[in-house]
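Quick notes on the structure that follows.
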Amino acid sequence: MTTKIGVLVMSYGTPESLEDVEAYYTHIRRGNAPSAEQLKELKDRYEAIVGGVFPLRENTDRQVASLQSALSGDELDKEIEYVCYQGLKHARPFIEDGVEAMAKDGITEAVGIVLAPHYSTMSVGTYIKRAKEKAETCGVNINFVESYHLHPQLIEVLGRRVSAKLELFAEAGAGKDDIRVLFSAHSLPERILSIGDPYREQLLETSQAVADKAGVTSWQFTWQSAGRTAEPWLGPDVLDTLRELSKEQVEYVLVAPVGFVSDHLEVLYDLDIEAQAVAAELDMRLMRIESLNSDPAYMAVLSDVVRTQAAQMK
Ligand code: FEC
């Protein structure tokens, strides 16, 4: 007999239209509406992205569909049928909607996974909390993949992306030691450090492993996309790091945003527009590795960790 296992695939979520940005921003701010100035600033950033205003929606849709295919084509697990459901943190379908949809389909056993490889109580932890709370009310037994930041195939594919851009720099005349690789991730409030949160450590572990894989010795870690709130956020920010590197006469910089897996605002605006503008001012050449999006290698990572989690539930 085939057992059906639901897979709740969770991601950040993005507005559906410019009119929807205010509600989205209010949700991120836990019900506090942004000021007119903050709202305009965010809408301007969405409008500035080239190639589509809300690319994260399409990218998440594709990732969920690709993961479904990867799990369905599994010859090993003939007794298990995996059914993927999408659940977004700040937009429809919300995490709770995804859990409810599973329950309506009669699913009682599920695995939850976030499209972000590193665990933090303030990021992945809050996705898990919401999914768990909803699952309890719907009679769904759900277990979670908390992180997969050192999965060998993840390190392999990120290493390949770093090497590909380093080759482009070499073709442009840069020597290996002239290039600084900057691994980056979304900043979080500094207070996470005092509660022993593993986020920073996991990001450094991924960075070290990818650097080793690509044979990079000249690298450092930097934060990006800090929120616009009064409390201190983890730094240094990528823009400050570029200014520091300029003082060290570094001319070539490769940014590898290993904390993200998709093309979205924080990559397409914060790096490709904002950081590029600062690099140009400093007369530096800046490149970024391509995002994983629905690369089959990333789908293989996700399907592997989902299957491993499901096997532990048997
Ligand atoms: O393309 C898109 O539409 C969405 C891009 C997007 C991603 C993303 C990922 C993460 N965030 C994380 C933490 C925070 C915290 C706050 C916060 C605020 C924002 C705002 C926007 C936004 N985030 Fe985000 N984040 C994205 C977008 N984020 C827009 C609001 C304006 C601003 O501050 O820039 C602060 C909340 C507060 O005000 O209290 C904290 C983390 C990630 C990476 C992990 C994940 O994907 O969940 C952590 C993509």
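Residues in the structure tokens are numbered from 1 in each chain, the chains being A, B, ... in the order shown, and ligands are numbered from 1 in the order shown.
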
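For segment 184-199 of chain A, the set of protein, DNA and RNA residues having any atom at most 9 Å away, when counting only C-alpha atoms and skipping those fewer than 6 positions along the same chain, is His118, Tyr119, Ser120, Thr121, Met122, Ser123, Ser207, Gln220, Phe221, Thr222, Trp223, Gln224, Ser225, Ala226, Gly227, Glu231, Pro232, Trp233, Leu234, Gly235, Asp237, Val238, Val255, Ala256, Pro257, Val258, Gly259, Phe260 and Glu266 of chain A.
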
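Based on only C-alpha atoms and all ligand atoms, the protein and nucleic acid residues found within 6 Å of ligand 1 are, by chain and then by number, Tyr12, Thr14, Tyr25, Ile28, Arg29, Phe54, Leu56, Ala116, Ser123, His186, Leu188, Gly227, Arg228, Thr229, His264, Leu265 and Glu266 of chain A.
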
Keeping only C-alpha atoms, write the selected residues to a file as a PDB file, in the first residue's frame.
ATOM      1  CA  TYR A  12       9.193  34.092   2.302  1.00  0.00           C
ATOM      2  CA  THR A  14       6.138  38.381  -2.139  1.00  0.00           C
ATOM      3  CA  TYR A  25       4.795  45.203   4.389  1.00  0.00           C
ATOM      4  CA  ILE A  28       6.153  41.674   7.787  1.00  0.00           C
ATOM      5  CA  ARG A  29       5.863  44.348  10.506  1.00  0.00           C
ATOM      6  CA  PHE A  54       7.823  40.197  -8.186  1.00  0.00           C
ATOM      7  CA  LEU A  56      10.050  35.533  -6.111  1.00  0.00           C
ATOM      8  CA  ALA A 116      16.439  28.737   3.146  1.00  0.00           C
ATOM      9  CA  SER A 123      13.684  32.959  10.426  1.00  0.00           C
ATOM     10  CA  HIS A 186      20.237  38.437   5.280  1.00  0.00           C
ATOM     11  CA  LEU A 188      19.154  39.711  11.655  1.00  0.00           C
ATOM     12  CA  GLY A 227      15.763  45.659   8.297  1.00  0.00           C
ATOM     13  CA  ARG A 228      14.764  49.259   8.811  1.00  0.00           C
ATOM     14  CA  THR A 229      14.241  49.094  12.563  1.00  0.00           C
ATOM     15  CA  HIS A 264      14.231  38.263  -5.373  1.00  0.00           C
ATOM     16  CA  LEU A 265      14.338  41.801  -4.069  1.00  0.00           C
ATOM     17  CA  GLU A 266      17.235  41.255  -1.657  1.00  0.00           C
TER      18      GLU A 266
END

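Residue nearest Gly106 of chain A, chosen from A:Arg30, A:Lys4, A:Arg160, A:Arg62 and counting only C-alpha atoms: A:Lys4.
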
**Request:** Could you please write out, as JSON, numbers by chain, every residue of segment 27-219 of chain A that DSSP assigns to alpha helix (DSSP H)?
**Result:** {"A": [27, 28, 36, 37, 38, 39, 40, 41, 42, 43, 44, 45, 46, 47, 48, 55, 56, 57, 58, 59, 60, 61, 62, 63, 64, 65, 66, 67, 68, 69, 70, 71, 72, 95, 96, 97, 98, 99, 100, 101, 102, 103, 104, 124, 125, 126, 127, 128, 129, 130, 131, 132, 133, 134, 135, 136, 137, 138, 152, 153, 154, 155, 156, 157, 158, 159, 160, 161, 162, 163, 164, 165, 166, 167, 168, 169, 170, 171, 199, 200, 201, 202, 203, 204, 205, 206, 207, 208, 209, 210, 211, 212, 213, 214]}

**Request:** Step one, run DSSP on the backbone; step two, keep only residues of segment 52-279 of chain A assigned to strand (DSSP E); then write them as a count of residues only.
**Result:** 38

Test item: residues at most 6 Å from segment 161-168 of chain A, only C-alpha atoms, excluding those fewer than 3 positions along its chain, as a PDB file with N, CA and C atoms, in the first residue's frame:
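part-v9.pdb, freshly written:
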ATOM      1  N   LEU A 158      27.119  25.275  -5.142  1.00  0.00           N
ATOM      2  CA  LEU A 158      27.555  26.649  -4.853  1.00  0.00           C
ATOM      3  C   LEU A 158      29.028  26.834  -5.237  1.00  0.00           C
ATOM      4  N   GLU A 171      39.437  35.682 -16.980  1.00  0.00           N
ATOM      5  CA  GLU A 171      39.460  36.067 -18.409  1.00  0.00           C
ATOM      6  C   GLU A 171      39.584  37.574 -18.559  1.00  0.00           C
ATOM      7  N   ALA A 214      35.800  25.496  -3.916  1.00  0.00           N
ATOM      8  CA  ALA A 214      36.206  26.277  -5.101  1.00  0.00           C
ATOM      9  C   ALA A 214      37.684  26.686  -5.031  1.00  0.00           C
ATOM     10  N   ILE A 289      27.330  35.489  -7.829  1.00  0.00           N
ATOM     11  CA  ILE A 289      27.051  34.144  -8.357  1.00  0.00           C
ATOM     12  C   ILE A 289      25.563  34.052  -8.685  1.00  0.00           C
TER      13      ILE A 289
END

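In this comparison, which uses only C-alpha atoms, the residue of A:Gln249, A:Ser66, A:Ser11, A:Ser147 approaching Ser262 of chain A most closely is A:Ser11.
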
**Item:** Spatial neighbours of Pro15 of chain A, max dist 10 Å, only C-alpha atoms, sep filter under 3 positions, as a list in words
**Value:** Leu18, Glu19, Asp20, Val21, Glu22, Ala23, Tyr24, Tyr25, Tyr46, Val53, Phe54, Pro55, Leu56, Arg57, His90, Ala91 and Arg92 of chain A

Based on the selection just made, write all heavy atoms of those residues as a compact mmCIF listing (two decimals), in the first residue's frame.
# COMPACT_ATOMS: atom_id res chain seq x y z
N LEU A 18 1.67 45.83 -7.11
CA LEU A 18 2.14 47.00 -6.36
C LEU A 18 1.11 47.44 -5.33
O LEU A 18 1.47 47.92 -4.24
CB LEU A 18 2.45 48.16 -7.33
CG LEU A 18 3.84 48.10 -7.98
CD1 LEU A 18 4.01 49.25 -8.95
CD2 LEU A 18 4.97 48.12 -6.94
N GLU A 19 -0.18 47.25 -5.63
CA GLU A 19 -1.25 47.63 -4.69
C GLU A 19 -1.17 46.77 -3.42
O GLU A 19 -1.61 47.16 -2.36
CB GLU A 19 -2.66 47.41 -5.30
CG GLU A 19 -3.05 48.37 -6.42
CD GLU A 19 -2.26 48.12 -7.69
OE1 GLU A 19 -2.29 46.98 -8.17
OE2 GLU A 19 -1.59 49.05 -8.19
N ASP A 20 -0.60 45.59 -3.57
CA ASP A 20 -0.54 44.61 -2.50
C ASP A 20 0.66 44.85 -1.56
O ASP A 20 0.76 44.23 -0.50
CB ASP A 20 -0.39 43.25 -3.19
CG ASP A 20 -0.89 42.12 -2.36
OD1 ASP A 20 -1.71 42.39 -1.47
OD2 ASP A 20 -0.45 40.98 -2.59
N VAL A 21 1.55 45.79 -1.95
CA VAL A 21 2.80 45.96 -1.19
C VAL A 21 2.52 46.43 0.25
O VAL A 21 3.16 45.98 1.20
CB VAL A 21 3.77 46.94 -1.91
CG1 VAL A 21 4.98 47.26 -1.04
CG2 VAL A 21 4.23 46.34 -3.24
N GLU A 22 1.52 47.30 0.41
CA GLU A 22 1.24 47.83 1.76
C GLU A 22 0.81 46.71 2.71
O GLU A 22 1.31 46.61 3.84
CB GLU A 22 0.17 48.92 1.70
CG GLU A 22 -0.01 49.56 3.07
CD GLU A 22 -0.84 50.83 3.04
OE1 GLU A 22 -1.42 51.15 1.98
OE2 GLU A 22 -0.90 51.51 4.09
N ALA A 23 -0.10 45.84 2.23
CA ALA A 23 -0.56 44.75 3.09
C ALA A 23 0.60 43.79 3.42
O ALA A 23 0.74 43.31 4.55
CB ALA A 23 -1.68 43.98 2.38
N TYR A 24 1.43 43.55 2.42
CA TYR A 24 2.60 42.67 2.59
C TYR A 24 3.56 43.25 3.64
O TYR A 24 3.98 42.56 4.57
CB TYR A 24 3.27 42.53 1.22
CG TYR A 24 4.60 41.81 1.19
CD1 TYR A 24 4.68 40.43 1.36
CD2 TYR A 24 5.79 42.51 0.95
CE1 TYR A 24 5.90 39.77 1.29
CE2 TYR A 24 7.01 41.86 0.88
CZ TYR A 24 7.06 40.49 1.06
OH TYR A 24 8.27 39.84 0.98
N TYR A 25 3.86 44.53 3.49
CA TYR A 25 4.79 45.20 4.39
C TYR A 25 4.21 45.22 5.82
O TYR A 25 4.91 45.00 6.81
CB TYR A 25 5.02 46.63 3.88
CG TYR A 25 6.31 47.30 4.30
CD1 TYR A 25 6.71 48.50 3.72
CD2 TYR A 25 7.14 46.75 5.29
CE1 TYR A 25 7.88 49.14 4.09
CE2 TYR A 25 8.31 47.38 5.66
CZ TYR A 25 8.67 48.59 5.06
OH TYR A 25 9.84 49.21 5.44
N TYR A 46 10.87 47.73 -5.57
CA TYR A 46 10.26 46.72 -6.45
C TYR A 46 10.23 47.21 -7.89
O TYR A 46 10.48 46.44 -8.82
CB TYR A 46 8.84 46.37 -5.97
CG TYR A 46 8.82 45.35 -4.85
CD1 TYR A 46 8.38 45.70 -3.58
CD2 TYR A 46 9.26 44.05 -5.06
CE1 TYR A 46 8.37 44.77 -2.55
CE2 TYR A 46 9.25 43.11 -4.02
CZ TYR A 46 8.80 43.48 -2.78
OH TYR A 46 8.80 42.55 -1.77
N VAL A 53 8.50 42.46 -11.72
CA VAL A 53 8.40 43.19 -10.46
C VAL A 53 8.46 42.27 -9.25
O VAL A 53 9.05 42.59 -8.23
CB VAL A 53 7.10 44.03 -10.44
CG1 VAL A 53 7.02 44.86 -9.17
CG2 VAL A 53 7.05 44.96 -11.65
N PHE A 54 7.84 41.08 -9.35
CA PHE A 54 7.82 40.20 -8.19
C PHE A 54 8.34 38.80 -8.56
O PHE A 54 7.58 37.83 -8.54
CB PHE A 54 6.40 40.11 -7.60
CG PHE A 54 5.88 41.46 -7.22
CD1 PHE A 54 4.97 42.12 -8.03
CD2 PHE A 54 6.33 42.09 -6.07
CE1 PHE A 54 4.49 43.39 -7.68
CE2 PHE A 54 5.87 43.35 -5.71
CZ PHE A 54 4.96 44.00 -6.52
N PRO A 55 9.61 38.69 -8.92
CA PRO A 55 10.13 37.40 -9.42
C PRO A 55 10.07 36.26 -8.40
O PRO A 55 10.07 35.10 -8.78
CB PRO A 55 11.57 37.72 -9.80
CG PRO A 55 11.91 38.95 -9.07
CD PRO A 55 10.65 39.72 -8.87
N LEU A 56 10.02 36.60 -7.11
CA LEU A 56 10.05 35.53 -6.11
C LEU A 56 8.84 34.61 -6.23
O LEU A 56 8.94 33.41 -5.97
CB LEU A 56 10.14 36.14 -4.71
CG LEU A 56 10.22 35.13 -3.55
CD1 LEU A 56 11.42 34.19 -3.71
CD2 LEU A 56 10.31 35.84 -2.20
N ARG A 57 7.67 35.18 -6.63
CA ARG A 57 6.47 34.33 -6.71
C ARG A 57 6.67 33.22 -7.74
O ARG A 57 6.48 32.04 -7.47
CB ARG A 57 5.24 35.17 -7.06
CG ARG A 57 3.94 34.37 -7.00
CD ARG A 57 2.75 35.28 -6.88
NE ARG A 57 2.69 35.95 -5.59
CZ ARG A 57 2.12 35.43 -4.50
NH1 ARG A 57 1.57 34.25 -4.52
NH2 ARG A 57 2.11 36.10 -3.35
N HIS A 90 4.71 35.53 4.38
CA HIS A 90 4.09 36.86 4.41
C HIS A 90 3.10 37.11 3.28
O HIS A 90 2.78 38.26 2.98
CB HIS A 90 5.19 37.94 4.35
CG HIS A 90 6.13 37.92 5.51
ND1 HIS A 90 5.71 38.09 6.82
CD2 HIS A 90 7.47 37.73 5.58
CE1 HIS A 90 6.76 38.03 7.62
NE2 HIS A 90 7.83 37.80 6.90
N ALA A 91 2.69 36.08 2.56
CA ALA A 91 1.75 36.29 1.45
C ALA A 91 0.93 35.02 1.25
O ALA A 91 1.25 33.96 1.82
CB ALA A 91 2.52 36.64 0.17
N ARG A 92 -0.10 35.13 0.42
CA ARG A 92 -0.93 33.96 0.13
C ARG A 92 -0.27 33.05 -0.88
O ARG A 92 0.34 33.57 -1.81
CB ARG A 92 -2.27 34.44 -0.46
CG ARG A 92 -3.33 34.59 0.58
CD ARG A 92 -4.57 35.20 -0.01
NE ARG A 92 -4.96 36.41 0.67
CZ ARG A 92 -5.39 36.47 1.92
NH1 ARG A 92 -5.50 35.38 2.63
NH2 ARG A 92 -5.72 37.61 2.46

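Going from atom CA of Arg200 of chain A over to atom CA of Ala297 of chain A, you cover 24.4 Å.
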
**Message:** What's the separation between atom CA of Leu182 of chain A and atom CA of Leu254 of chain A, in Å to one decimal place?
**Reply:** 6.0 Å

Selection: 9 Å around Ala300 of chain A, only C-alpha atoms, excl. self and same-chain fewer than 6 positions, as a tab-separated table (two decimals) with N, CA, C and O atoms, in the first residue's frame:
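And here's around03.tsv as it stands now:
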chain	number	residue	atom	x	y	z
A	67	LEU	N	10.37	20.39	-7.13
A	67	LEU	CA	10.58	19.46	-6.02
A	67	LEU	C	9.56	18.33	-6.10
A	67	LEU	O	9.89	17.16	-5.87
A	70	ALA	N	10.86	15.97	-8.61
A	70	ALA	CA	12.02	15.23	-8.11
A	70	ALA	C	11.57	14.12	-7.15
A	70	ALA	O	12.09	13.01	-7.18
A	71	LEU	N	10.58	14.42	-6.31
A	71	LEU	CA	10.12	13.41	-5.34
A	71	LEU	C	9.26	12.35	-6.00
A	71	LEU	O	9.22	11.21	-5.55
A	153	GLN	N	25.75	18.15	-1.80
A	153	GLN	CA	25.35	18.63	-3.14
A	153	GLN	C	25.12	20.15	-3.15
A	153	GLN	O	25.29	20.80	-4.17
A	154	LEU	N	24.74	20.71	-1.99
A	154	LEU	CA	24.58	22.17	-1.91
A	154	LEU	C	25.95	22.84	-2.02
A	154	LEU	O	26.14	23.81	-2.77

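What separates atom CA of Val306 of chain A from atom CA of Glu156 of chain A is a distance of 18.8 Å.
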
**For Val305 of chain A: contacts at 9 Å, only C-alpha atoms, fewer than 2 positions along chain excluded, given as a count of residues only** = 12

**Complete:** Met299 of chain A proximity check over A:Gln63, A:Gln86, A:Ala131, A:Leu39, using only C-alpha atoms: winner is A:Gln63

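Across A:Leu242, A:Val9, A:Met1, A:Ala230, the tightest approach to Lys78 of chain A is made by A:Met1 when counting only C-alpha atoms.
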
Please build the interface table for segment 167-194 of chain A against segment 275-286 of chain A with a cut-off of 10 Å, listing for each qualifying residue the nearest atom pair and the distance in Å to one decimal; count only C-alpha atoms, order rows by chain and increasing number, and write it as a Markdown table.
| residue | atom | partner | partner_atom | distance |
| --- | --- | --- | --- | --- |
| A:Phe169 | CA | A:Arg285 | CA | 9.0 |
| A:Ile179 | CA | A:Arg285 | CA | 9.5 |
| A:Arg180 | CA | A:Leu286 | CA | 9.8 |
| A:Val181 | CA | A:Leu286 | CA | 9.9 |

Could you please take those selected residues and save N, CA, C and O atoms as a short mmCIF file (atom, residue, chain, number, x, y, z; two decimals), in the first residue's frame?
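New file out31.cif:
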data_model
loop_
_atom_site.label_atom_id
_atom_site.label_comp_id
_atom_site.auth_asym_id
_atom_site.auth_seq_id
_atom_site.Cartn_x
_atom_site.Cartn_y
_atom_site.Cartn_z
N PHE A 169 36.35 36.40 -14.13
CA PHE A 169 37.28 37.43 -13.66
C PHE A 169 38.68 37.17 -14.22
O PHE A 169 39.38 38.10 -14.62
N ILE A 179 41.22 38.85 -6.27
CA ILE A 179 39.76 38.81 -6.14
C ILE A 179 39.39 38.49 -4.70
O ILE A 179 39.94 37.57 -4.10
N ARG A 180 38.42 39.22 -4.14
CA ARG A 180 37.90 38.90 -2.82
C ARG A 180 36.49 38.32 -2.98
O ARG A 180 35.65 38.93 -3.64
N VAL A 181 36.29 37.15 -2.40
CA VAL A 181 34.95 36.55 -2.43
C VAL A 181 34.22 36.96 -1.15
O VAL A 181 34.75 36.79 -0.05
#

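Using only C-alpha atoms, the shortest contact distance between Glu133 of chain A and any of A:Leu203, A:Ala65, A:Ala211, A:Ile95 is found at A:Ile95.
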